[in-house]
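Okay, input.pdb now, which holds PDB, C-alpha atoms and all ligand atoms:
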ATOM      1  CA  MET K   1      28.811  14.019 -31.326
ATOM      2  CA  PHE K   2      30.637  11.224 -33.150
ATOM      3  CA  CYS K   3      29.463   9.553 -36.349
ATOM      4  CA  PRO K   4      28.323   5.956 -35.672
ATOM      5  CA  GLU K   5      29.494   4.933 -39.155
ATOM      6  CA  CYS K   6      33.042   6.316 -39.396
ATOM      7  CA  GLY K   7      33.660   7.709 -35.893
ATOM      8  CA  SER K   8      34.640  11.225 -36.961
ATOM      9  CA  GLU K   9      33.557  14.134 -34.748
ATOM     10  CA  ASN K  10      30.662  16.362 -35.903
ATOM     11  CA  PRO K  11      28.755  19.337 -34.377
ATOM     12  CA  ASP K  12      25.921  18.242 -32.049
ATOM     13  CA  ASP K  13      23.240  19.828 -34.295
ATOM     14  CA  ALA K  14      24.688  18.296 -37.502
ATOM     15  CA  ARG K  15      22.209  16.209 -39.525
ATOM     16  CA  PHE K  16      24.834  14.486 -41.676
ATOM     17  CA  CYS K  17      28.365  13.341 -41.019
ATOM     18  CA  GLY K  18      30.918  15.757 -42.519
ATOM     19  CA  ALA K  19      33.299  12.915 -43.392
ATOM     20  CA  CYS K  20      31.110  10.090 -44.790
ATOM     21  CA  GLY K  21      27.686  11.748 -45.273
ATOM     22  CA  LYS K  22      25.845   9.298 -42.974
ATOM     23  CA  THR K  23      22.519  10.574 -41.489
ATOM     24  CA  LEU K  24      23.113  11.401 -37.819
ATOM     25  CA  ASN K  25      19.458  11.869 -36.728
ATOM     26  CA  ASP K  26      18.977   8.145 -36.048
ATOM     27  CA  ALA K  27      21.934   8.069 -33.686
ATOM     28  CA  GLN K  28      20.430  10.904 -31.592
ATOM     29  CA  GLN K  29      17.122   9.098 -30.899
ATOM     30  CA  PRO K  30      18.002   6.616 -28.111
ATOM     31  CA  ALA K  31      18.592   8.331 -24.774
ATOM     32  CA  PRO K  32      21.747   7.189 -22.899
ATOM     33  CA  ASP K  33      19.895   6.536 -19.634
ATOM     34  CA  SER K  34      16.218   6.955 -18.654
ATOM     35  CA  PRO K  35      15.624   6.966 -14.859
ATOM     36  CA  GLU K  36      11.799   7.301 -15.000
ATOM     37  CA  PRO K  37      10.748   3.596 -15.358
ATOM     38  CA  VAL K  38      13.032   2.619 -12.471
ATOM     39  CA  ALA K  39      11.386   5.213 -10.200
ATOM     40  CA  GLN K  40       7.897   3.907 -11.067
ATOM     41  CA  ILE K  41       8.839   0.318 -10.180
ATOM     42  CA  VAL K  42      10.257   1.464  -6.824
ATOM     43  CA  ASP K  43       7.015   3.352  -6.042
ATOM     44  CA  LEU K  44       4.842   0.302  -6.747
ATOM     45  CA  ASP K  45       6.958  -1.990  -4.581
ATOM     46  CA  SER K  46       7.086   0.378  -1.588
ATOM     47  CA  THR K  47       3.420   1.533  -1.397
ATOM     48  CA  GLN K  48       1.316  -1.580  -2.023
ATOM     49  CA  PRO K  49       2.492  -3.871   0.822
ATOM     50  CA  ALA K  50       2.477  -0.968   3.326
ATOM     51  CA  VAL K  51      -1.254  -0.278   2.775
ATOM     52  CA  SER K  52      -2.357  -3.896   3.128
ATOM     53  CA  ALA K  53      -0.142  -4.420   6.185
ATOM     54  CA  GLY K  54      -1.602  -1.338   7.896
ATOM     55  CA  LEU K  55      -5.145  -2.516   7.148
ATOM     56  CA  LYS K  56      -4.320  -5.963   8.521
ATOM     57  CA  TRP K  57      -2.977  -4.556  11.811
ATOM     58  CA  GLY K  58      -5.955  -2.182  12.093
ATOM     59  CA  ILE K  59      -8.440  -5.048  11.765
ATOM     60  CA  LEU K  60      -6.406  -7.184  14.154
ATOM     61  CA  ALA K  61      -6.283  -4.411  16.787
ATOM     62  CA  ALA K  62     -10.022  -3.717  16.423
ATOM     63  CA  SER K  63     -10.913  -7.414  16.610
ATOM     64  CA  LEU K  64      -8.975  -7.723  19.867
ATOM     65  CA  LEU K  65      -9.732  -4.378  21.553
ATOM     66  CA  VAL K  66     -13.459  -3.957  20.830
ATOM     67  CA  PRO K  67     -14.587  -7.343  22.261
ATOM     68  CA  LEU K  68     -12.173  -6.996  25.183
ATOM     69  CA  ILE K  69     -13.674  -3.655  26.221
ATOM     70  CA  GLY K  70     -17.186  -5.024  25.621
ATOM     71  CA  VAL K  71     -16.609  -8.120  27.758
ATOM     72  CA  ILE K  72     -15.095  -6.045  30.605
ATOM     73  CA  MET K  73     -18.021  -3.607  30.483
ATOM     74  CA  GLY K  74     -20.534  -6.463  30.311
ATOM     75  CA  ILE K  75     -19.095  -8.410  33.269
ATOM     76  CA  PHE K  76     -18.782  -5.190  35.305
ATOM     77  CA  TYR K  77     -22.438  -4.269  34.755
ATOM     78  CA  MET K  78     -23.702  -7.825  35.322
ATOM     79  CA  LEU K  79     -21.851  -8.188  38.666
ATOM     80  CA  LYS K  80     -22.161  -4.628  40.004
ATOM     81  CA  GLY K  81     -25.570  -3.804  38.569
ATOM     82  CA  GLU K  82     -28.004  -2.694  41.269
ATOM     83  CA  ASN K  83     -31.112  -3.512  39.237
ATOM     84  CA  GLU K  84     -32.302  -5.559  36.265
ATOM     85  CA  ASP K  85     -31.859  -2.635  33.872
ATOM     86  CA  LYS K  86     -28.099  -2.456  34.398
ATOM     87  CA  LYS K  87     -27.773  -6.271  34.275
ATOM     88  CA  SER K  88     -29.576  -6.321  30.920
ATOM     89  CA  VAL K  89     -27.217  -3.568  29.686
ATOM     90  CA  GLY K  90     -24.311  -5.798  30.763
ATOM     91  CA  ARG K  91     -25.746  -8.738  28.818
ATOM     92  CA  LEU K  92     -26.198  -6.445  25.803
ATOM     93  CA  TRP K  93     -22.520  -5.413  26.024
ATOM     94  CA  LEU K  94     -21.429  -9.050  26.217
ATOM     95  CA  PHE K  95     -23.497 -10.219  23.248
ATOM     96  CA  ALA K  96     -22.574  -7.142  21.192
ATOM     97  CA  SER K  97     -18.861  -7.565  21.868
ATOM     98  CA  ILE K  98     -18.991 -11.270  20.962
ATOM     99  CA  GLY K  99     -20.888 -10.407  17.764
ATOM    100  CA  ILE K 100     -18.465  -7.618  16.815
ATOM    101  CA  GLY K 101     -15.491  -9.854  17.573
ATOM    102  CA  PHE K 102     -16.922 -12.607  15.392
ATOM    103  CA  PHE K 103     -17.628 -10.061  12.628
ATOM    104  CA  TYR K 104     -14.035  -8.754  12.680
ATOM    105  CA  PHE K 105     -12.738 -12.314  12.764
ATOM    106  CA  LEU K 106     -14.681 -13.142   9.581
ATOM    107  CA  LEU K 107     -13.587  -9.853   7.971
ATOM    108  CA  SER K 108      -9.894 -10.426   8.660
ATOM    109  CA  GLY K 109     -10.128 -14.068   7.597
ATOM    110  CA  SER K 110     -11.845 -13.451   4.258
ATOM    111  CA  GLY K 111     -10.132 -10.167   3.328
ATOM    112  CA  LEU K 112      -6.611 -11.451   3.807
TER
HETATM  113 ZN    ZN M 201      30.800   9.503 -40.745
END
Show me, as structure tokens, the structure contained in the file I just sent.
Ligand SMILES: [Zn+2]
Amino acid sequence: MFCPECGSENPDDARFCGACGKTLNDAQQPAPDSPEPVAQIVDLDSTQPAVSAGLKWGILAASLLVPLIGVIMGIFYMLKGENEDKKSVGRLWLFASIGIGFFYFLLSGSGL
């Protein structure tokens, strides 16, 4: 290593400069480059938006698919139902799908 005071070369384990007697321990303290903080910042930027975006698309898909299937099932049972039991099941599907769709709509609206 080189002395920060006079610039003369010294052994790496030397505590004092051989030419001017300056303490060399202070010059050894700061590391030339530290890659760890940079890696942490990259991790934070890459993970956080990915999780919220995935959750958003999951809620969106559920809010569209669940009522769609419920409405199709409900209309099918109400039109093709041979008796009152199946027609009431169809109505139940319709109301449930509308309720679930409204619930997901509120959830996606308030959470994001
Ligand atoms: Zn020196």
Requested in this report: Run the PyMOL selection byres (((chain K and resi 8) around 12) and not hetatm) on the file and write out the hits as a count of residues only.
Outcome: 18
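Excluding region 70-79 of chain K itself and same-chain residues fewer than 2 positions from it, the residues having an atom within 10 Å of it are Leu65, Val66, Pro67, Leu68, Gly81, Glu82, Asn83, Glu84, Asp85, Lys86, Lys87, Ser88, Val89, Gly90, Arg91, Leu92, Trp93, Leu94, Phe95, Ala96, Ser97, Ile98, Ile100 and Gly101 of chain K, counting all atoms listed in the file.
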Store the residues of this selection in a file with C-alpha atoms, as a short mmCIF file (atom, residue, chain, number, x, y, z; two decimals), in the frame of the given file.
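Just written: out.cif:
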data_model
loop_
_atom_site.label_atom_id
_atom_site.label_comp_id
_atom_site.auth_asym_id
_atom_site.auth_seq_id
_atom_site.Cartn_x
_atom_site.Cartn_y
_atom_site.Cartn_z
CA LEU K 65 -9.73 -4.38 21.55
CA VAL K 66 -13.46 -3.96 20.83
CA PRO K 67 -14.59 -7.34 22.26
CA LEU K 68 -12.17 -7.00 25.18
CA GLY K 81 -25.57 -3.80 38.57
CA GLU K 82 -28.00 -2.69 41.27
CA ASN K 83 -31.11 -3.51 39.24
CA GLU K 84 -32.30 -5.56 36.26
CA ASP K 85 -31.86 -2.64 33.87
CA LYS K 86 -28.10 -2.46 34.40
CA LYS K 87 -27.77 -6.27 34.28
CA SER K 88 -29.58 -6.32 30.92
CA VAL K 89 -27.22 -3.57 29.69
CA GLY K 90 -24.31 -5.80 30.76
CA ARG K 91 -25.75 -8.74 28.82
CA LEU K 92 -26.20 -6.44 25.80
CA TRP K 93 -22.52 -5.41 26.02
CA LEU K 94 -21.43 -9.05 26.22
CA PHE K 95 -23.50 -10.22 23.25
CA ALA K 96 -22.57 -7.14 21.19
CA SER K 97 -18.86 -7.56 21.87
CA ILE K 98 -18.99 -11.27 20.96
CA ILE K 100 -18.46 -7.62 16.82
CA GLY K 101 -15.49 -9.85 17.57
#
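CA of Gly54 (chain K) is found 22.1 Å from CA of Ile69 (chain K).
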Report summary line: Using only C-alpha atoms and all ligand atoms, the residue out of K:Lys80, K:Leu107, K:Ala14, K:Gly99 with shortest distance to ligand ZN 201 (chain M) is K:Ala14
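Of the listed residues K:Asp13, K:Phe105, K:Thr23, K:Leu60, the one whose atoms come nearest to ligand ZN 201 (chain M) is K:Thr23, with distances taken using all atoms listed in the file.
For the pair CA of Phe103 (chain K) and CA of Ser63 (chain K), the interatomic distance is 8.2 Å.
For the set K:Phe102, K:Arg15, K:Lys56, K:Ser108, the residue with the smallest atom-to-atom gap to ligand ZN 201 (chain M) is K:Arg15, counting only C-alpha atoms and all ligand atoms.
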